[in-house]
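Q: Below is the file input.tsv, which contains TSV, C-alpha atoms and all ligand atoms.
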```tsv
chain	number	residue	atom	x	y	z
A	1	MET	CA	55.96	135.01	74.45
A	2	ARG	CA	55.58	135.16	70.65
A	3	HIS	CA	51.79	134.79	70.86
A	4	THR	CA	50.99	137.41	73.48
A	5	GLY	CA	47.59	138.94	72.78
A	6	LYS	CA	46.55	136.33	70.23
A	7	ASN	CA	43.24	134.55	70.63
A	8	VAL	CA	43.14	130.92	69.56
A	9	ILE	CA	40.66	128.02	69.53
A	10	VAL	CA	42.05	124.49	69.77
A	11	THR	CA	39.49	121.74	69.12
A	12	GLY	CA	40.24	118.49	70.91
A	13	GLY	CA	42.52	120.47	73.23
A	14	ALA	CA	41.71	118.39	76.31
A	15	SER	CA	44.00	115.46	75.50
A	16	GLY	CA	47.05	114.24	73.63
A	17	LEU	CA	48.42	116.43	70.83
A	18	GLY	CA	45.76	119.09	71.44
A	19	GLU	CA	46.68	119.33	75.12
A	20	SER	CA	50.33	119.80	74.20
A	21	ILE	CA	49.36	122.52	71.70
A	22	VAL	CA	47.26	124.29	74.35
A	23	ARG	CA	50.13	124.16	76.87
A	24	LYS	CA	52.60	125.59	74.35
A	25	LEU	CA	50.36	128.43	73.14
A	26	VAL	CA	49.37	129.44	76.68
A	27	ALA	CA	53.05	129.39	77.73
A	28	GLU	CA	53.75	131.70	74.78
A	29	GLY	CA	51.14	134.23	75.82
A	30	ALA	CA	48.00	133.31	73.84
A	31	ASN	CA	44.44	133.25	75.11
A	32	VAL	CA	43.32	129.72	74.31
A	33	VAL	CA	39.83	128.25	74.24
A	34	ILE	CA	39.77	124.47	74.45
A	35	ALA	CA	36.76	123.29	72.44
A	36	ASP	CA	36.21	119.65	73.32
A	37	VAL	CA	33.54	117.11	74.29
A	38	ASP	CA	35.62	116.01	77.30
A	39	ALA	CA	34.81	118.31	80.23
A	40	ASP	CA	36.80	116.41	82.90
A	41	ASN	CA	40.21	116.62	81.20
A	42	ALA	CA	39.58	120.14	79.89
A	43	ASN	CA	38.56	121.50	83.30
A	44	ALA	CA	41.62	119.96	84.96
A	45	LEU	CA	43.82	121.54	82.31
A	46	ILE	CA	42.37	125.06	82.53
A	47	THR	CA	42.58	124.93	86.32
A	48	GLU	CA	46.27	124.13	86.00
A	49	LEU	CA	46.98	126.69	83.26
A	50	GLY	CA	45.14	129.68	84.74
A	51	ASP	CA	43.14	132.57	83.34
A	52	THR	CA	44.38	132.60	79.77
A	53	ALA	CA	42.98	129.12	79.13
A	54	SER	CA	39.24	128.50	79.05
A	55	PHE	CA	36.92	125.69	78.04
A	56	SER	CA	33.85	125.38	75.87
A	57	GLN	CA	32.13	122.00	75.84
A	58	PHE	CA	31.50	121.40	72.22
A	59	ASP	CA	31.15	118.77	69.49
A	60	VAL	CA	32.98	119.62	66.24
A	61	SER	CA	30.47	117.62	64.19
A	62	ASN	CA	27.54	119.79	65.34
A	63	GLU	CA	26.97	122.58	62.81
A	64	LYS	CA	24.93	124.76	65.17
A	65	ALA	CA	27.50	124.41	67.95
A	66	TRP	CA	30.07	126.16	65.71
A	67	ASP	CA	27.77	129.20	65.42
A	68	THR	CA	27.44	129.36	69.20
A	69	LEU	CA	31.16	128.80	69.81
A	70	MET	CA	32.18	131.57	67.38
A	71	ALA	CA	29.54	134.04	68.61
A	72	GLU	CA	30.64	133.56	72.23
A	73	PHE	CA	34.31	133.74	71.26
A	74	VAL	CA	33.93	137.01	69.31
A	75	GLU	CA	31.87	138.54	72.11
A	76	LYS	CA	34.57	137.66	74.66
A	77	PHE	CA	37.79	138.23	72.67
A	78	GLY	CA	36.81	140.41	69.69
A	79	VAL	CA	39.35	138.91	67.29
A	80	LEU	CA	40.04	135.30	66.28
A	81	HIS	CA	43.71	134.99	65.33
A	82	ALA	CA	43.83	131.25	64.87
A	83	LEU	CA	41.87	128.01	64.83
A	84	VAL	CA	43.53	124.62	65.26
A	85	ASN	CA	41.16	121.95	63.91
A	86	ASN	CA	42.72	119.13	65.90
A	87	ALA	CA	39.84	117.03	67.35
A	88	GLY	CA	39.70	113.54	65.93
A	89	ILE	CA	38.84	109.90	66.50
A	90	ALA	CA	40.35	106.73	65.04
A	91	PRO	CA	38.34	103.65	65.97
A	92	PRO	CA	39.92	100.52	64.46
A	93	ALA	CA	37.49	99.49	61.71
A	94	ASP	CA	38.17	97.56	58.50
A	95	MET	CA	36.42	97.57	55.11
A	96	TYR	CA	33.44	95.62	56.52
A	97	MET	CA	32.71	98.24	59.19
A	98	ASP	CA	29.14	99.35	59.72
A	99	PHE	CA	28.24	102.40	57.66
A	100	ALA	CA	27.46	104.15	60.96
A	101	VAL	CA	31.13	103.83	61.98
A	102	TRP	CA	32.27	105.28	58.63
A	103	ARG	CA	29.83	108.19	59.05
A	104	LYS	CA	30.94	108.81	62.65
A	105	VAL	CA	34.61	109.06	61.65
A	106	MET	CA	33.75	111.32	58.71
A	107	SER	CA	31.51	113.52	60.85
A	108	ILE	CA	34.30	114.32	63.31
A	109	ASP	CA	37.52	113.98	61.30
A	110	LEU	CA	36.34	115.61	58.05
A	111	ASP	CA	32.96	117.35	58.55
A	112	GLY	CA	34.31	118.87	61.77
A	113	VAL	CA	37.30	120.33	59.93
A	114	PHE	CA	35.07	121.70	57.16
A	115	LEU	CA	32.65	123.26	59.66
A	116	GLY	CA	35.53	124.77	61.63
A	117	THR	CA	37.32	126.13	58.55
A	118	ARG	CA	34.08	127.68	57.26
A	119	ALA	CA	33.23	129.18	60.65
A	120	ALA	CA	36.73	130.64	61.06
A	121	PHE	CA	36.65	132.13	57.54
A	122	LYS	CA	33.38	133.90	58.32
A	123	VAL	CA	34.91	135.51	61.41
A	124	MET	CA	38.38	136.18	59.97
A	125	GLN	CA	37.25	137.63	56.62
A	126	ASP	CA	36.17	140.92	58.22
A	127	GLN	CA	39.14	141.32	60.58
A	128	ASP	CA	42.12	143.52	59.84
A	129	VAL	CA	44.62	141.00	61.27
A	130	ARG	CA	46.00	137.93	59.54
A	131	GLY	CA	44.18	134.72	60.42
A	132	SER	CA	45.69	131.26	60.57
A	133	ILE	CA	43.99	127.86	60.41
A	134	ILE	CA	45.78	124.59	61.05
A	135	ASN	CA	44.04	121.38	60.06
A	136	MET	CA	45.28	118.19	61.70
A	137	SER	CA	45.66	115.43	59.15
A	138	SER	CA	47.93	112.39	59.52
A	139	VAL	CA	50.50	110.25	57.72
A	140	MET	CA	47.47	107.99	57.21
A	141	ALA	CA	46.30	110.46	54.54
A	142	TYR	CA	49.13	109.06	52.38
A	143	VAL	CA	49.22	105.37	53.35
A	144	GLY	CA	46.58	102.85	54.27
A	145	HIS	CA	46.20	100.12	56.84
A	146	PHE	CA	43.43	97.50	56.83
A	147	ASN	CA	42.00	99.14	59.95
A	148	THR	CA	41.90	102.71	58.58
A	149	PRO	CA	39.62	103.05	55.51
A	150	ALA	CA	37.48	105.76	57.10
A	151	TYR	CA	40.34	107.42	58.98
A	152	SER	CA	42.65	107.51	55.94
A	153	ALA	CA	39.84	108.80	53.71
A	154	SER	CA	38.94	111.55	56.18
A	155	LYS	CA	42.56	112.64	56.64
A	156	ALA	CA	43.15	112.68	52.87
A	157	GLY	CA	39.95	114.71	52.60
A	158	VAL	CA	41.44	117.26	55.00
A	159	ILE	CA	44.25	117.87	52.47
A	160	GLY	CA	41.85	118.52	49.60
A	161	LEU	CA	39.63	120.72	51.75
A	162	THR	CA	42.66	122.75	52.86
A	163	LYS	CA	43.93	123.30	49.30
A	164	ALA	CA	40.46	124.47	48.24
A	165	ALA	CA	40.27	126.78	51.26
A	166	VAL	CA	43.63	128.32	50.27
A	167	SER	CA	42.23	128.95	46.80
A	168	PHE	CA	39.03	130.46	48.25
A	169	ALA	CA	40.98	132.79	50.51
A	170	SER	CA	43.08	133.95	47.57
A	171	GLU	CA	40.04	134.40	45.32
A	172	HIS	CA	38.41	136.64	47.92
A	173	ASN	CA	41.59	138.49	48.98
A	174	MET	CA	41.32	137.14	52.51
A	175	ASN	CA	44.37	137.44	54.73
A	176	ILE	CA	44.11	133.86	56.02
A	177	ARG	CA	46.75	131.11	55.94
A	178	ILE	CA	45.66	127.46	56.06
A	179	ASN	CA	48.07	124.54	56.47
A	180	THR	CA	47.93	120.85	57.38
A	181	ILE	CA	50.04	118.84	59.83
A	182	HIS	CA	50.65	115.11	59.32
A	183	PRO	CA	51.92	113.38	62.46
A	184	GLY	CA	53.28	109.87	62.52
A	185	THR	CA	52.33	107.79	65.56
A	186	HIS	CA	52.30	109.42	69.00
A	187	ALA	CA	51.37	107.37	72.07
A	188	THR	CA	48.34	109.48	72.98
A	189	PRO	CA	44.95	108.08	74.09
A	190	ILE	CA	43.76	107.81	70.46
A	191	LEU	CA	46.34	104.99	70.07
A	192	MET	CA	46.44	103.63	73.61
A	193	ASP	CA	42.63	103.24	73.77
A	194	ALA	CA	42.63	101.43	70.43
A	195	LEU	CA	45.40	98.95	71.26
A	196	PRO	CA	43.16	96.36	73.01
A	197	LEU	CA	41.02	96.25	69.85
A	198	LEU	CA	43.97	95.79	67.50
A	199	PRO	CA	45.77	92.53	66.64
A	200	GLU	CA	48.42	91.46	69.16
A	201	GLY	CA	51.82	92.87	68.30
A	202	PHE	CA	50.40	95.94	66.58
A	203	GLU	CA	52.29	98.39	68.81
A	204	GLN	CA	55.68	96.78	68.05
A	205	GLU	CA	54.84	96.52	64.37
A	206	GLU	CA	53.85	100.20	64.27
A	207	LEU	CA	56.99	101.16	66.17
A	208	SER	CA	59.12	99.36	63.59
A	209	ARG	CA	57.62	101.57	60.87
A	210	HIS	CA	59.26	104.62	62.50
A	211	PRO	CA	62.98	104.62	61.51
A	212	VAL	CA	63.91	106.91	64.43
A	213	GLY	CA	63.03	103.97	66.72
A	214	HIS	CA	60.38	105.60	68.87
A	215	PHE	CA	56.95	107.21	68.67
A	216	GLY	CA	56.62	110.98	68.47
A	217	ASP	CA	56.66	113.41	71.36
A	218	PRO	CA	53.63	115.76	71.20
A	219	VAL	CA	55.88	118.75	71.97
A	220	GLY	CA	57.20	118.54	68.39
A	221	VAL	CA	53.69	118.93	67.02
A	222	ALA	CA	52.98	121.77	69.47
A	223	ALA	CA	56.17	123.59	68.44
A	224	THR	CA	55.19	123.26	64.79
A	225	VAL	CA	51.74	124.72	65.48
A	226	SER	CA	53.36	127.58	67.37
A	227	PHE	CA	55.65	128.31	64.41
A	228	LEU	CA	52.81	128.13	61.88
A	229	LEU	CA	50.80	130.69	63.86
A	230	ASP	CA	53.74	133.09	63.91
A	231	ASP	CA	54.36	135.82	61.31
A	232	GLU	CA	57.69	134.08	60.58
A	233	ALA	CA	55.58	131.44	58.82
A	234	GLU	CA	53.83	133.97	56.56
A	235	PHE	CA	54.94	132.11	53.38
A	236	PHE	CA	53.46	128.80	54.58
A	237	GLN	CA	50.20	128.49	52.71
A	238	GLY	CA	48.58	125.14	51.87
A	239	ALA	CA	51.69	123.35	53.18
A	240	GLU	CA	51.55	119.69	54.27
A	241	ILE	CA	53.93	119.40	57.21
A	242	VAL	CA	54.92	115.81	57.97
A	243	ILE	CA	56.24	115.04	61.49
A	244	ASP	CA	56.72	111.30	61.41
A	245	GLY	CA	60.19	110.13	62.47
A	246	GLY	CA	60.81	109.01	58.89
A	247	ARG	CA	57.71	106.77	58.67
A	248	LEU	CA	56.85	107.84	55.12
A	249	SER	CA	60.46	107.74	53.97
A	250	VAL	CA	61.00	103.99	54.20
A	251	ASN	CA	59.19	100.99	52.79
A	252	ARG	CA	58.39	98.75	55.78
B	1	LIG	P1	43.39	112.10	71.70
B	1	LIG	O1	42.37	111.01	71.68
B	1	LIG	O2	44.40	112.13	72.78
B	1	LIG	O3	42.67	113.52	71.67
B	1	LIG	C1	41.58	113.79	70.84
B	1	LIG	C2	40.74	114.86	71.50
B	1	LIG	O4	39.63	115.15	70.62
B	1	LIG	C3	40.14	114.40	72.85
B	1	LIG	O5	40.30	115.41	73.83
B	1	LIG	C4	38.68	114.19	72.53
B	1	LIG	O6	37.81	114.41	73.64
B	1	LIG	C5	38.46	115.22	71.42
B	1	LIG	N1	37.29	114.93	70.59
B	1	LIG	C6	36.92	113.73	70.08
B	1	LIG	N2	35.76	113.86	69.41
B	1	LIG	C7	35.40	115.17	69.52
B	1	LIG	C8	34.30	115.91	69.02
B	1	LIG	N3	33.32	115.33	68.31
B	1	LIG	N4	34.25	117.24	69.28
B	1	LIG	C9	35.23	117.83	70.04
B	1	LIG	N5	36.28	117.17	70.54
B	1	LIG	C10	36.37	115.85	70.27
B	1	LIG	O7	44.10	112.00	70.26
B	1	LIG	P2	45.37	112.81	69.68
B	1	LIG	O8	46.42	111.85	69.40
B	1	LIG	O9	45.67	113.98	70.51
B	1	LIG	O10	44.78	113.27	68.28
B	1	LIG	C11	44.61	114.63	67.94
B	1	LIG	C12	44.55	114.75	66.43
B	1	LIG	O11	45.80	114.32	65.87
B	1	LIG	C13	43.47	113.89	65.78
B	1	LIG	O12	42.90	114.61	64.70
B	1	LIG	C14	44.26	112.70	65.26
B	1	LIG	O13	43.63	112.07	64.18
B	1	LIG	C15	45.54	113.37	64.86
B	1	LIG	N6	46.67	112.43	64.77
B	1	LIG	C16	47.11	111.76	65.87
B	1	LIG	C17	48.16	110.88	65.74
B	1	LIG	C18	48.68	110.07	66.90
B	1	LIG	O14	49.46	109.13	66.68
B	1	LIG	N7	48.31	110.38	68.13
B	1	LIG	C19	48.79	110.70	64.49
B	1	LIG	C20	48.33	111.40	63.40
B	1	LIG	C21	47.27	112.29	63.55
```
Is it possible to express this structure as structure tokens?

A:
Amino acid sequence: MRHTGKNVIVTGGASGLGESIVRKLVAEGANVVIADVDADNANALITELGDTASFSQFDVSNEKAWDTLMAEFVEKFGVLHALVNNAGIAPPADMYMDFAVWRKVMSIDLDGVFLGTRAAFKVMQDQDVRGSIINMSSVMAYVGHFNTPAYSASKAGVIGLTKAAVSFASEHNMNIRINTIHPGTHATPILMDALPLLPEGFEQEELSRHPVGHFGDPVGVAATVSFLLDDEAEFFQGAEIVIDGGRLSVNR
């Protein structure tokens, strides 16, 4: 119960990695708000998890929605201990994608992380407890695929944003830690929904890029988030934590 009494927002907490993070933090005692566009999955999850999980229907790319989310959160919980900027999309789209697709990916995967980080800073700066922000990036911040120009650019942008946020926190003596996580492939809906749109054989090809021989289990990402939110991780600041089954270690 290492997170008893902590209040946490997890964006994109209704599915996949976010769902696993929500389950872990609730099991460890936190009050968790799932901030997601998907009401069906989120409502099923909070019904299962009980009173310490709640849901706010919310779009991370909507600037005004962040003001509302934070105002409601502070009114209900008083203190924001942590924000996990996890929501994301990854539509397969190559260099000839419509500009609208590029903008859509950027608006959720990068603008959403900026808006969330800024909103959390504004709440955390006046609190007398340490705040923690975790920004979900990807191994695709470091490598490219012909279907990921927007996704890779947004996830690389999350690294730069996070480093600058660390510097800002230091400059203003804010007690806030900000780190990024970089998962390799996990068989969550973001991948499974994309498979029919990808070239045949993509799943096997992607699997072969992971030297451990299988895709990731979301519980590993959830455990890492749990650790990063703990005081034991107080020296983790601006860290890029790769959880990829060796994907970035080999040339395949
Ligand atoms: P997922 O599709 O299972 O879950 C994404 C969640 O984000 C969904 O609940 C969805 O409703 C929500 N969401 C989408 N757009 C939103 C918006 N505008 N506002 C609020 N919520 C929104 O995918 P996942 O695998 O759990 O991905 C979670 C994060 O992890 C993403 O940022 C993704 O890029 C990153 N990631 C995933 C993998 C992987 O292999 N699954 C690898 C690296 C990084």

Q: Specify the axis-aligned box that encloses all atoms of ligand LIG 1 (chain B) listed in the file after padding of 6 Å on each side, stating its centre and edge lengths in Å to one decimal as lines of an AutoDock Vina configuration file.

A:
```
center_x = 41.4
center_y = 113.5
center_z = 68.6
size_x = 28.1
size_y = 20.7
size_z = 22.4
```

Q: Which is closer to Asp38 in chain A than all the others in A:Val219, A:Ala93, A:Ala169, A:Val60, using all atoms listed in the file?

A: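 Among the listed residues, the smallest separation from Asp38 in chain A belongs to A:Val60.
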
Q: List all protein, DNA and RNA residues that have at least one atom no more than 7 Å from any atom of ligand LIG 1 (chain B), counting all atoms listed in the file, and write them as a ChimeraX atom specification.

A: /A:11-18,35-38,58-61,86-90,108-109,136-139,182-191

Q: Using only C-alpha atoms, determine which residues lie at most 12 Å from Leu49 in chain A, disregarding the query and same-chain residues fewer than 5 positions distant; provide the list as number ranges by chain.

A: A: 19-20, 22-34, 42-44, 54-55

Q: Report, in Å with one decimal, the straight-line distance from CA of Val129 in chain A to CA of Thr180 in chain A.

A: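 Straight-line distance from CA of Val129 in chain A to CA of Thr180 in chain A works out to 20.8 Å.
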
Q: Any idea what's packed within 12 Å of range 203-213 of chain A, counting all atoms listed in the file, ignoring anything in its chain fewer than 4 positions away? Could you give it as a list of chain:residue names?

A: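 Selected residues are A:Val139, A:Val143, A:His145, A:Pro183, A:Gly184, A:Thr185, A:His186, A:Ala187, A:Leu191, A:Met192, A:Asp193, A:Ala194, A:Leu195, A:Pro196, A:Leu197, A:Leu198, A:Pro199, A:Asp217, A:Ile243, A:Asp244, A:Gly245, A:Gly246, A:Arg247, A:Leu248, A:Ser249, A:Val250, A:Asn251, A:Arg252.
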
Q: Just how far from CA of Ala39 in chain A is CA of Ser56 in chain A, in Å to one decimal?

A: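 CA of Ser56 in chain A sits 8.4 Å away from CA of Ala39 in chain A.
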
Q: Hey, can you check how far CA of Thr4 in chain A sits from CA of Ile21 in chain A?

A: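 That distance, rounded to one decimal, is 15.1 Å.
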
Q: Between A:Ala71, A:Val221, A:Ile241, A:Leu83, which residue has the minimum interatomic distance to Ala120 in chain A, considering all atoms listed in the file?

A: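 Checking each of A:Ala71, A:Val221, A:Ile241, A:Leu83 against Ala120 in chain A, counting all atoms listed in the file, the winner is A:Leu83.
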
Q: Could you pull the residues within 12 Å of Ala239 in chain A, counting only C-alpha atoms, minus those fewer than 3 positions along the same chain, as a list in words?

A: Ile133, Ile134, Asn135, Met136, Ser137, Ile159, Gly160, Thr162, Lys163, Val166, Arg177, Ile178, Asn179, Thr180, Ile181, His182, Leu228, Ala233, Glu234, Phe235, Phe236 and Val242 of chain A

Q: Just checking: using only C-alpha atoms, which residue out of A:Gly157, A:Gly238, A:Gly5, A:Gly50 ends up closest to Phe114 in chain A?

A: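 Of the candidates, the smallest distance to Phe114 in chain A is held by A:Gly157.
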
Q: Counting all atoms listed in the file, which residues have an atom no more than 9 Å from (40.8, 135.1, 53.3) in the file's coordinates? Please list them as a list of chain:residue names.

A: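 Result, sorted by chain then residue number: A:Phe121, A:Met124, A:Gln125, A:Asp126, A:Arg130, A:Gly131, A:Ala165, A:Val166, A:Phe168, A:Ala169, A:Ser170, A:Glu171, A:His172, A:Asn173, A:Met174, A:Asn175, A:Ile176, A:Arg177.
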
Q: Select, from A:Val74, A:Ala53, A:Ala150, A:Val225, the residue with the minimum atom-to-atom distance to Asp98 in chain A, counting only C-alpha atoms.

A: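 Using only C-alpha atoms, the shortest distance to Asp98 in chain A belongs to A:Ala150.
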
Q: Restricting the calculation to all atoms listed in the file: of A:Tyr142, A:Tyr96, A:Phe77, A:Tyr151, which residue gets closest to Glu240 in chain A?

A: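 Comparing A:Tyr142, A:Tyr96, A:Phe77, A:Tyr151 against Glu240 in chain A, the winner is A:Tyr142.
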